[in-house]
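**Q** As input, take final36.cif (mmCIF, C-alpha atoms and all ligand atoms):
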```
data_entry
#
loop_
_atom_site.label_atom_id
_atom_site.label_comp_id
_atom_site.auth_asym_id
_atom_site.auth_seq_id
_atom_site.Cartn_x
_atom_site.Cartn_y
_atom_site.Cartn_z
CA MET A 46 56.48 99.02 131.22
CA ASN A 47 52.91 97.99 130.36
CA LEU A 48 52.90 94.25 129.75
CA ALA A 49 49.41 94.02 128.19
CA ALA A 50 49.72 92.32 124.80
CA THR A 51 47.87 90.21 122.25
CA LEU A 52 49.55 87.09 120.83
CA ARG A 53 48.08 85.10 117.93
CA ARG A 54 49.03 81.77 116.35
CA ASP A 55 46.66 79.70 114.24
CA GLU A 56 43.39 79.24 116.18
CA VAL A 57 44.92 80.34 119.51
CA THR A 58 44.73 83.96 120.67
CA LEU A 59 46.05 85.29 123.97
CA ARG A 60 44.76 88.76 124.84
CA PRO A 61 43.83 90.97 127.77
CA LEU A 62 40.60 90.02 129.55
CA ARG A 63 37.81 92.58 128.88
CA ARG A 64 34.72 93.58 130.83
CA ARG A 65 32.51 92.16 128.08
CA ASP A 66 34.02 88.70 128.74
CA ALA A 67 32.10 88.59 132.04
CA ALA A 68 29.23 86.28 131.05
CA ARG A 69 31.39 83.83 129.08
CA TRP A 70 34.17 83.78 131.72
CA GLN A 71 31.70 83.15 134.55
CA HIS A 72 29.99 80.41 132.52
CA VAL A 73 33.28 78.62 131.76
CA ARG A 74 34.39 78.84 135.37
CA ARG A 75 31.02 77.55 136.64
CA VAL A 76 30.72 74.52 134.36
CA ASN A 77 34.39 73.64 134.93
CA ALA A 78 34.41 74.13 138.71
CA ASP A 79 35.02 70.45 139.53
CA TRP A 80 37.59 70.11 136.74
CA LEU A 81 39.62 73.07 138.04
CA ARG A 82 39.21 72.83 141.82
CA PRO A 83 42.07 70.37 142.61
CA TRP A 84 44.58 72.65 140.86
CA GLU A 85 43.32 76.12 141.82
CA ALA A 86 45.22 78.48 144.11
CA THR A 87 43.41 79.34 147.34
CA LEU A 88 44.16 81.91 150.04
CA PRO A 89 45.33 80.55 153.40
CA GLN A 90 44.29 83.74 155.20
CA ALA A 91 40.79 85.11 154.69
CA ASP A 92 41.88 88.70 155.36
CA GLU A 93 43.58 89.16 151.95
CA ALA A 94 41.46 91.20 149.57
CA VAL A 95 40.33 89.59 146.33
CA PRO A 96 38.26 91.52 143.76
CA ALA A 97 34.56 90.96 144.53
CA THR A 98 33.37 91.51 140.94
CA PHE A 99 34.47 90.55 137.43
CA GLY A 100 35.03 94.25 136.65
CA GLY A 101 37.23 94.52 139.74
CA MET A 102 39.26 91.51 138.59
CA VAL A 103 39.76 93.05 135.11
CA ARG A 104 40.85 96.33 136.73
CA THR A 105 43.32 94.44 138.95
CA PHE A 106 44.76 92.61 135.93
CA ARG A 107 45.17 95.94 134.07
CA ARG A 108 46.86 97.56 137.06
CA GLU A 109 49.24 94.59 137.49
CA ALA A 110 50.16 94.64 133.79
CA ALA A 111 50.70 98.41 133.82
CA ALA A 112 52.97 98.05 136.85
CA GLY A 113 55.01 95.27 135.19
CA ARG A 114 54.11 92.76 137.92
CA SER A 115 52.04 90.19 136.01
CA VAL A 116 50.05 89.73 132.83
CA ALA A 117 46.90 87.60 132.66
CA PHE A 118 45.94 86.49 129.16
CA ALA A 119 42.47 85.36 128.20
CA LEU A 120 42.87 82.26 126.01
CA ASP A 121 40.57 82.17 122.97
CA VAL A 122 40.30 79.09 120.76
CA ASP A 123 38.72 79.95 117.40
CA GLY A 124 37.52 83.21 118.96
CA VAL A 125 35.83 81.63 122.00
CA LEU A 126 37.17 82.19 125.51
CA MET A 127 38.31 78.79 126.82
CA GLY A 128 40.88 79.51 129.50
CA GLN A 129 43.59 81.69 130.87
CA VAL A 130 47.38 81.87 130.95
CA THR A 131 49.15 84.07 133.49
CA LEU A 132 52.74 85.22 133.43
CA GLY A 133 53.09 86.27 137.04
CA GLY A 134 55.45 86.91 139.93
CA LEU A 135 57.60 89.08 137.70
CA ALA A 136 60.88 90.27 139.14
CA TRP A 137 63.21 92.49 137.16
CA GLY A 138 66.68 93.86 137.93
CA SER A 139 69.28 91.12 138.36
CA LEU A 140 66.68 88.33 138.48
CA ARG A 141 64.38 88.90 135.46
CA SER A 142 62.17 85.98 136.39
CA GLY A 143 58.52 84.92 136.43
CA TYR A 144 56.19 81.94 136.47
CA ILE A 145 53.47 80.72 134.13
CA GLY A 146 50.12 79.39 135.39
CA TYR A 147 47.24 78.14 133.24
CA TRP A 148 43.87 76.43 132.90
CA ILE A 149 41.64 75.44 130.02
CA ALA A 150 37.99 74.36 129.85
CA ARG A 151 37.49 70.61 129.84
CA GLU A 152 35.72 70.76 126.46
CA ALA A 153 38.89 72.21 124.86
CA ALA A 154 41.36 69.89 126.66
CA GLY A 155 43.37 67.17 124.96
CA ARG A 156 43.98 69.03 121.70
CA GLY A 157 47.43 70.38 122.52
CA VAL A 158 46.13 73.93 122.89
CA MET A 159 47.81 74.65 126.22
CA PRO A 160 51.32 73.55 125.20
CA ARG A 161 51.04 75.93 122.24
CA ALA A 162 49.64 78.76 124.38
CA VAL A 163 52.40 78.32 126.97
CA ALA A 164 54.99 78.25 124.18
CA MET A 165 53.63 81.59 122.93
CA VAL A 166 53.81 83.13 126.41
CA THR A 167 57.29 81.66 126.96
CA ASP A 168 58.48 83.21 123.69
CA HIS A 169 56.90 86.51 124.70
CA GLY A 170 58.47 86.41 128.19
CA LEU A 171 61.97 85.18 127.36
CA GLY A 172 62.05 86.95 123.99
CA THR A 173 60.08 90.19 123.78
CA LEU A 174 60.08 91.02 127.51
CA GLY A 175 63.68 89.97 128.08
CA LEU A 176 63.08 87.71 131.05
CA HIS A 177 65.90 85.30 131.88
CA ARG A 178 63.90 82.57 133.62
CA ILE A 179 60.35 81.24 133.59
CA GLU A 180 59.07 78.61 136.03
CA ILE A 181 56.07 76.31 135.87
CA ASN A 182 55.15 74.75 139.23
CA ILE A 183 52.92 71.68 139.11
CA ARG A 184 51.44 69.34 141.72
CA PRO A 185 52.96 65.88 141.25
CA GLU A 186 49.42 64.45 141.04
CA ASN A 187 48.57 66.64 138.02
CA SER A 188 49.60 64.28 135.22
CA ALA A 189 47.92 66.38 132.49
CA SER A 190 49.87 69.48 133.48
CA LEU A 191 53.12 67.51 133.87
CA ARG A 192 52.64 66.49 130.24
CA VAL A 193 52.38 70.16 129.23
CA ALA A 194 55.78 70.91 130.81
CA GLN A 195 57.26 67.75 129.25
CA LYS A 196 55.89 68.50 125.80
CA LEU A 197 57.44 71.98 125.95
CA GLY A 198 60.83 70.69 127.06
CA TYR A 199 60.85 72.69 130.28
CA ARG A 200 63.66 71.32 132.46
CA ARG A 201 62.67 69.66 135.73
CA GLU A 202 64.56 71.63 138.36
CA GLY A 203 63.41 70.32 141.69
CA TYR A 204 60.77 69.49 144.23
CA ARG A 205 59.19 72.11 146.47
CA THR A 206 57.58 70.85 149.64
CA ARG A 207 54.23 72.45 150.57
CA TYR A 208 55.06 75.22 148.09
CA LEU A 209 51.65 76.65 147.17
CA HIS A 210 48.22 76.87 148.79
CA ILE A 211 46.00 74.92 146.38
CA ASP A 212 42.49 73.56 146.93
CA GLY A 213 42.57 74.47 150.62
CA ASP A 214 46.01 73.31 151.75
CA TRP A 215 49.76 73.70 151.22
CA ARG A 216 50.72 71.37 148.38
CA ASP A 217 54.01 69.96 147.14
CA HIS A 218 55.02 71.02 143.63
CA VAL A 219 57.50 69.94 140.98
CA SER A 220 59.35 72.91 139.48
CA PHE A 221 60.07 73.15 135.78
CA VAL A 222 62.21 75.91 134.32
CA MET A 223 63.20 77.38 131.01
CA LEU A 224 66.05 79.90 130.84
CA ALA A 225 66.41 82.37 127.97
CA GLU A 226 69.49 80.49 126.74
CA GLU A 227 67.53 77.21 126.77
CA ARG A 228 64.76 78.54 124.51
CA PRO A 229 65.06 76.99 121.05
CA SER A 230 65.70 79.15 118.03
CA PRO A 231 63.86 80.77 116.35
CA SER A 232 61.11 80.19 118.94
CA LEU A 233 59.70 77.59 121.33
CA PHE A 234 56.43 77.70 119.40
CA ALA A 235 58.16 76.89 116.09
CA GLU A 236 60.16 74.10 117.74
CA LEU A 237 57.01 72.62 119.28
CA GLN A 238 55.34 72.62 115.86
CA ARG A 239 58.44 71.05 114.31
CA CYS A 240 58.28 68.25 116.91
CA GLY A 241 54.61 67.52 116.26
CA GLY A 242 53.49 69.11 119.55
CA ASP A 243 55.73 67.05 121.85
CA ARG A 244 59.40 67.99 122.24
CA ASP A 245 59.90 65.30 124.87
CA ALA A 246 58.77 62.48 122.60
CA ALA A 247 60.75 63.92 119.68
CA THR A 248 64.01 64.31 121.58
CA SER A 249 64.01 61.44 124.09
CA PRO A 250 61.38 58.81 123.32
CA HIS A 251 63.10 56.32 125.62
CA ARG A 252 63.65 58.63 128.59
CA TYR A 253 60.85 57.05 130.62
CA GLY A 254 61.32 53.57 129.24
CA ILE A 255 58.25 53.88 127.03
CA VAL A 256 58.33 53.91 123.26
CA ARG A 257 55.56 56.34 122.33
CA ASP A 258 55.00 55.42 118.70
CA THR A 259 54.22 51.73 119.04
CA GLY A 260 51.54 49.73 120.74
CA GLY A 261 49.30 52.58 121.94
CA GLN A 262 50.87 52.48 125.38
CA VAL A 263 50.09 54.97 128.15
CA PRO A 264 51.79 58.38 128.06
CA PRO A 265 55.00 58.57 130.06
CA GLN A 266 54.57 59.80 133.61
CA MET A 267 57.16 61.78 135.51
CA PRO A 268 59.64 59.63 137.40
CA PRO A 269 58.99 59.61 141.16
CA HIS A 270 60.49 62.55 142.95
CA PRO A 271 63.46 61.96 145.24
C1 LIG B 1 46.68 70.87 132.37
C2 LIG B 1 45.87 71.41 131.20
C3 LIG B 1 46.07 72.92 131.11
C4 LIG B 1 46.37 70.76 129.90
O1 LIG B 1 45.88 71.47 128.77
P1 LIG B 1 45.57 70.75 127.36
O2 LIG B 1 45.33 71.82 126.37
O3 LIG B 1 44.52 69.72 127.54
O4 LIG B 1 46.98 70.02 127.07
P2 LIG B 1 47.20 68.75 126.11
O5 LIG B 1 46.16 68.70 125.06
O6 LIG B 1 48.62 68.82 125.71
O7 LIG B 1 46.98 67.49 127.06
C5 LIG B 1 47.90 67.24 128.12
C6 LIG B 1 47.55 65.91 128.78
O8 LIG B 1 46.27 66.02 129.38
C7 LIG B 1 45.67 64.71 129.42
N1 LIG B 1 44.35 64.83 128.81
C8 LIG B 1 44.01 64.98 127.52
N2 LIG B 1 42.68 65.11 127.39
C9 LIG B 1 42.16 65.05 128.61
C10 LIG B 1 40.84 65.11 129.12
N3 LIG B 1 39.80 65.29 128.32
N4 LIG B 1 40.68 65.02 130.45
C11 LIG B 1 41.72 64.87 131.26
N5 LIG B 1 43.00 64.82 130.84
C12 LIG B 1 43.21 64.89 129.53
C13 LIG B 1 46.56 63.78 128.64
O9 LIG B 1 47.38 63.10 129.58
C14 LIG B 1 47.41 64.74 127.82
O10 LIG B 1 48.68 64.22 127.53
P3 LIG B 1 48.89 63.41 126.15
O11 LIG B 1 48.67 64.39 125.04
O12 LIG B 1 50.27 62.88 126.24
O13 LIG B 1 47.83 62.32 126.12
C15 LIG B 1 44.35 71.09 131.38
O14 LIG B 1 44.21 69.71 131.59
C16 LIG B 1 43.71 71.87 132.53
O15 LIG B 1 43.39 73.04 132.40
N6 LIG B 1 43.54 71.19 133.69
C17 LIG B 1 42.88 71.80 134.83
C18 LIG B 1 43.67 72.99 135.43
C19 LIG B 1 45.13 72.68 135.63
O16 LIG B 1 45.53 71.59 135.94
N7 LIG B 1 45.97 73.73 135.47
C20 LIG B 1 47.41 73.61 135.61
C21 LIG B 1 47.83 73.79 137.04
S1 LIG B 1 49.62 73.59 137.19
#
```
As structure tokens, what does this structure read like?
Ligand SMILES: CC(C)(COP(=O)(O)OP(=O)(O)OC[C@H]1O[C@@H](n2cnc3c(N)ncnc32)[C@H](O)[C@@H]1OP(=O)(O)O)[C@@H](O)C(=O)NCCC(=O)NCCS
**A**
Amino acid sequence: MNLAATLRRDEVTLRPLRRRDAARWQHVRRVNADWLRPWEATLPQADEAVPATFGGMVRTFRREAAAGRSVAFALDVDGVLMGQVTLGGLAWGSLRSGYIGYWIAREAAGRGVMPRAVAMVTDHGLGTLGLHRIEINIRPENSASLRVAQKLGYRREGYRTRYLHIDGDWRDHVSFVMLAEERPSPSLFAELQRCGGDRDAATSPHRYGIVRDTGGQVPPQMPPHP
């Protein structure tokens, strides 16, 4: 099963990364290095091979997609590469599970692009690909990313201690999950649009004790973990 695909909604396109993206991708990564560093996966052991070139990375992504193991989407906003969304860690058989990871350039942040992009990948994974479960794992300090999971209505499942190696150390993560039977009909993307880009605010405005539509108060934060 080759997982490579192109998904389009409004100004957002998710597509395979190409060799000719090299200059733009390297530019975005360079100017956003400080923005991304606290949330980027790192390797605890230096002996694991990572592609040394952009071309090598594209080849690795193609191989992973062709093998059904993961699919890395370049995220274009109005035709300009601004980030990436990965549906990874795919397991089939009796599990049919994967995770979604993502980043977007600072200049494109705050416009609700990533919730829509993750909704598109969730619909693709739980719908077209027939996965049963998708996870998003987020550091508890990452309030912007926690809002993405909240806006999408992913269900908070638990707390994972020192779960992933991020920014040079093992970091705790909060796990959010959506199961195929939890995905709204006809699609998560359509439901997100219907709710004005925030399913959490639309369905439970009082969940965190904050009324979102009066007074310009701060966005709700996740409750403290147990
Ligand atoms: C997390 C991230 C993908 C969110 O994408 P996005 O397209 O900006 O998502 P949204 O527009 O829905 O904004 C989500 C929250 O980010 C925060 N935010 C918005 N603009 C911001 C900005 N310019 N700078 C910092 N945070 C901002 C707000 O809290 C917002 O929530 P709100 O809409 O309730 O105010 C993006 O901030 C990012 O790429 N961060 C760095 C990498 C990262 O954290 N990846 C995820 C690892 S789990």
**Q** Neighbours of ligand LIG 1 (chain B) at 9 Å or closer, counting only C-alpha atoms and all ligand atoms: which residues, as a PyMOL selection string?
**A** chain A and resi 77+80-86+128-129+145-162+181-184+187-193+196+218+242-243+263-266
**Q** Show me, as a ChimeraX atom specification, the residues that have an atom within 12 Å of region 225-237 of chain A when counting only C-alpha atoms, minus same-chain residues fewer than 4 positions from it.
**A** /A:52-55,57,141-143,157-180,193-200,241-248
**Q** Tell me which protein, DNA and RNA residues are within 10 Å of Thr105 (chain A), counting all atoms listed in the file, leaving out same-chain ones fewer than 5 positions away, and put them as a count of residues only.
**A** 7
**Q** What does the distance between CA of Val222 (chain A) and CA of Tyr208 (chain A) come to in Å, to one decimal place?
**A**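 Pair CA of Val222 (chain A) / CA of Tyr208 (chain A) returns 15.5 Å.
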**Q** Using all atoms listed in the file, pick whichever of A:Arg75, A:Arg60, A:Arg216, A:Arg69 has the shortest atom-to-atom distance to Thr131 (chain A).
**A**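 Of the candidates, the smallest distance to Thr131 (chain A) is held by A:Arg60.
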**Q** For Asp123 (chain A), which residue among A:Gly101, A:Thr58, A:Ala49, A:Ala91 is the nearest when counting only C-alpha atoms?
**A**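 Of A:Gly101, A:Thr58, A:Ala49, A:Ala91, the one nearest Asp123 (chain A) is A:Thr58, counting only C-alpha atoms.
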**Q** To one decimal place, how far is CA of Ala67 (chain A) from CA of Met46 (chain A) in Å?
**A** 26.5 Å
**Q** Which distance in Å separates CA of Val130 (chain A) and CA of Glu186 (chain A), to one decimal?
**A**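 Separation of CA of Val130 (chain A) and CA of Glu186 (chain A): 20.2 Å.
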**Q** With 6 Å on each side, where is the centre of the axis-aligned box around all listed atoms of region 135-141 of chain A, and how long are its edges in Å to one decimal, as JSON?
**A**
```
{"center_x": 63.4, "center_y": 91.1, "center_z": 137.3, "size_x": 23.7, "size_y": 17.5, "size_z": 15.7}
```
**Q** Looking at only C-alpha atoms, which of A:Asp212, A:Leu224, A:Ala50, A:Cys240 is the one that sits closest to Pro89 (chain A)?
**A** A:Asp212
**Q** Please complete region 211-234 of chain A so it has N, CA and C atoms, and hand it over as a PDB file, in the coordinates of the input.
**A**
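Final output, saved to part-v5.pdb:
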```pdb
ATOM      1  N   ILE A 211      46.870  75.339 147.481  1.00  0.00           N
ATOM      2  CA  ILE A 211      46.000  74.920 146.380  1.00  0.00           C
ATOM      3  C   ILE A 211      44.859  74.101 146.973  1.00  0.00           C
ATOM      4  N   ASP A 212      43.640  74.352 146.507  1.00  0.00           N
ATOM      5  CA  ASP A 212      42.490  73.560 146.930  1.00  0.00           C
ATOM      6  C   ASP A 212      42.470  73.376 148.453  1.00  0.00           C
ATOM      7  N   GLY A 213      42.766  74.463 149.165  1.00  0.00           N
ATOM      8  CA  GLY A 213      42.570  74.470 150.620  1.00  0.00           C
ATOM      9  C   GLY A 213      43.725  73.992 151.476  1.00  0.00           C
ATOM     10  N   ASP A 214      44.888  73.712 150.899  1.00  0.00           N
ATOM     11  CA  ASP A 214      46.010  73.310 151.750  1.00  0.00           C
ATOM     12  C   ASP A 214      47.333  73.582 151.024  1.00  0.00           C
ATOM     13  N   TRP A 215      48.423  73.534 151.807  1.00  0.00           N
ATOM     14  CA  TRP A 215      49.760  73.700 151.220  1.00  0.00           C
ATOM     15  C   TRP A 215      50.140  72.423 150.485  1.00  0.00           C
ATOM     16  N   ARG A 216      50.477  72.550 149.214  1.00  0.00           N
ATOM     17  CA  ARG A 216      50.720  71.370 148.380  1.00  0.00           C
ATOM     18  C   ARG A 216      52.139  71.356 147.830  1.00  0.00           C
ATOM     19  N   ASP A 217      52.710  70.144 147.787  1.00  0.00           N
ATOM     20  CA  ASP A 217      54.010  69.960 147.140  1.00  0.00           C
ATOM     21  C   ASP A 217      53.891  70.261 145.650  1.00  0.00           C
ATOM     22  N   HIS A 218      54.983  70.739 145.075  1.00  0.00           N
ATOM     23  CA  HIS A 218      55.020  71.020 143.630  1.00  0.00           C
ATOM     24  C   HIS A 218      56.351  70.565 143.031  1.00  0.00           C
ATOM     25  N   VAL A 219      56.292  70.172 141.761  1.00  0.00           N
ATOM     26  CA  VAL A 219      57.500  69.940 140.980  1.00  0.00           C
ATOM     27  C   VAL A 219      57.750  71.218 140.183  1.00  0.00           C
ATOM     28  N   SER A 220      58.996  71.684 140.202  1.00  0.00           N
ATOM     29  CA  SER A 220      59.350  72.910 139.480  1.00  0.00           C
ATOM     30  C   SER A 220      59.997  72.598 138.147  1.00  0.00           C
ATOM     31  N   PHE A 221      59.480  73.239 137.121  1.00  0.00           N
ATOM     32  CA  PHE A 221      60.070  73.150 135.780  1.00  0.00           C
ATOM     33  C   PHE A 221      60.517  74.548 135.380  1.00  0.00           C
ATOM     34  N   VAL A 222      61.614  74.615 134.651  1.00  0.00           N
ATOM     35  CA  VAL A 222      62.210  75.910 134.320  1.00  0.00           C
ATOM     36  C   VAL A 222      62.645  75.945 132.871  1.00  0.00           C
ATOM     37  N   MET A 223      62.501  77.123 132.270  1.00  0.00           N
ATOM     38  CA  MET A 223      63.200  77.380 131.010  1.00  0.00           C
ATOM     39  C   MET A 223      63.950  78.704 131.153  1.00  0.00           C
ATOM     40  N   LEU A 224      65.233  78.688 130.844  1.00  0.00           N
ATOM     41  CA  LEU A 224      66.050  79.900 130.840  1.00  0.00           C
ATOM     42  C   LEU A 224      66.079  80.461 129.420  1.00  0.00           C
ATOM     43  N   ALA A 225      66.369  81.743 129.301  1.00  0.00           N
ATOM     44  CA  ALA A 225      66.410  82.370 127.970  1.00  0.00           C
ATOM     45  C   ALA A 225      67.357  81.610 127.049  1.00  0.00           C
ATOM     46  N   GLU A 226      68.501  81.174 127.593  1.00  0.00           N
ATOM     47  CA  GLU A 226      69.490  80.490 126.740  1.00  0.00           C
ATOM     48  C   GLU A 226      69.083  79.045 126.422  1.00  0.00           C
ATOM     49  N   GLU A 227      68.030  78.558 127.080  1.00  0.00           N
ATOM     50  CA  GLU A 227      67.530  77.210 126.770  1.00  0.00           C
ATOM     51  C   GLU A 227      66.382  77.241 125.751  1.00  0.00           C
ATOM     52  N   ARG A 228      65.895  78.431 125.448  1.00  0.00           N
ATOM     53  CA  ARG A 228      64.760  78.540 124.510  1.00  0.00           C
ATOM     54  C   ARG A 228      65.250  78.245 123.099  1.00  0.00           C
ATOM     55  N   PRO A 229      64.579  77.325 122.393  1.00  0.00           N
ATOM     56  CA  PRO A 229      65.060  76.990 121.050  1.00  0.00           C
ATOM     57  C   PRO A 229      64.920  78.155 120.080  1.00  0.00           C
ATOM     58  N   SER A 230      65.732  78.129 119.071  1.00  0.00           N
ATOM     59  CA  SER A 230      65.700  79.150 118.030  1.00  0.00           C
ATOM     60  C   SER A 230      64.954  78.590 116.816  1.00  0.00           C
ATOM     61  N   PRO A 231      64.118  79.344 116.109  1.00  0.00           N
ATOM     62  CA  PRO A 231      63.860  80.770 116.350  1.00  0.00           C
ATOM     63  C   PRO A 231      62.845  81.018 117.456  1.00  0.00           C
ATOM     64  N   SER A 232      62.072  79.984 117.848  1.00  0.00           N
ATOM     65  CA  SER A 232      61.110  80.190 118.940  1.00  0.00           C
ATOM     66  C   SER A 232      60.694  78.827 119.493  1.00  0.00           C
ATOM     67  N   LEU A 233      60.217  78.836 120.731  1.00  0.00           N
ATOM     68  CA  LEU A 233      59.700  77.590 121.330  1.00  0.00           C
ATOM     69  C   LEU A 233      58.472  77.118 120.557  1.00  0.00           C
ATOM     70  N   PHE A 234      57.633  78.076 120.146  1.00  0.00           N
ATOM     71  CA  PHE A 234      56.430  77.700 119.400  1.00  0.00           C
ATOM     72  C   PHE A 234      56.803  76.961 118.109  1.00  0.00           C
TER      73      PHE A 234
END
```
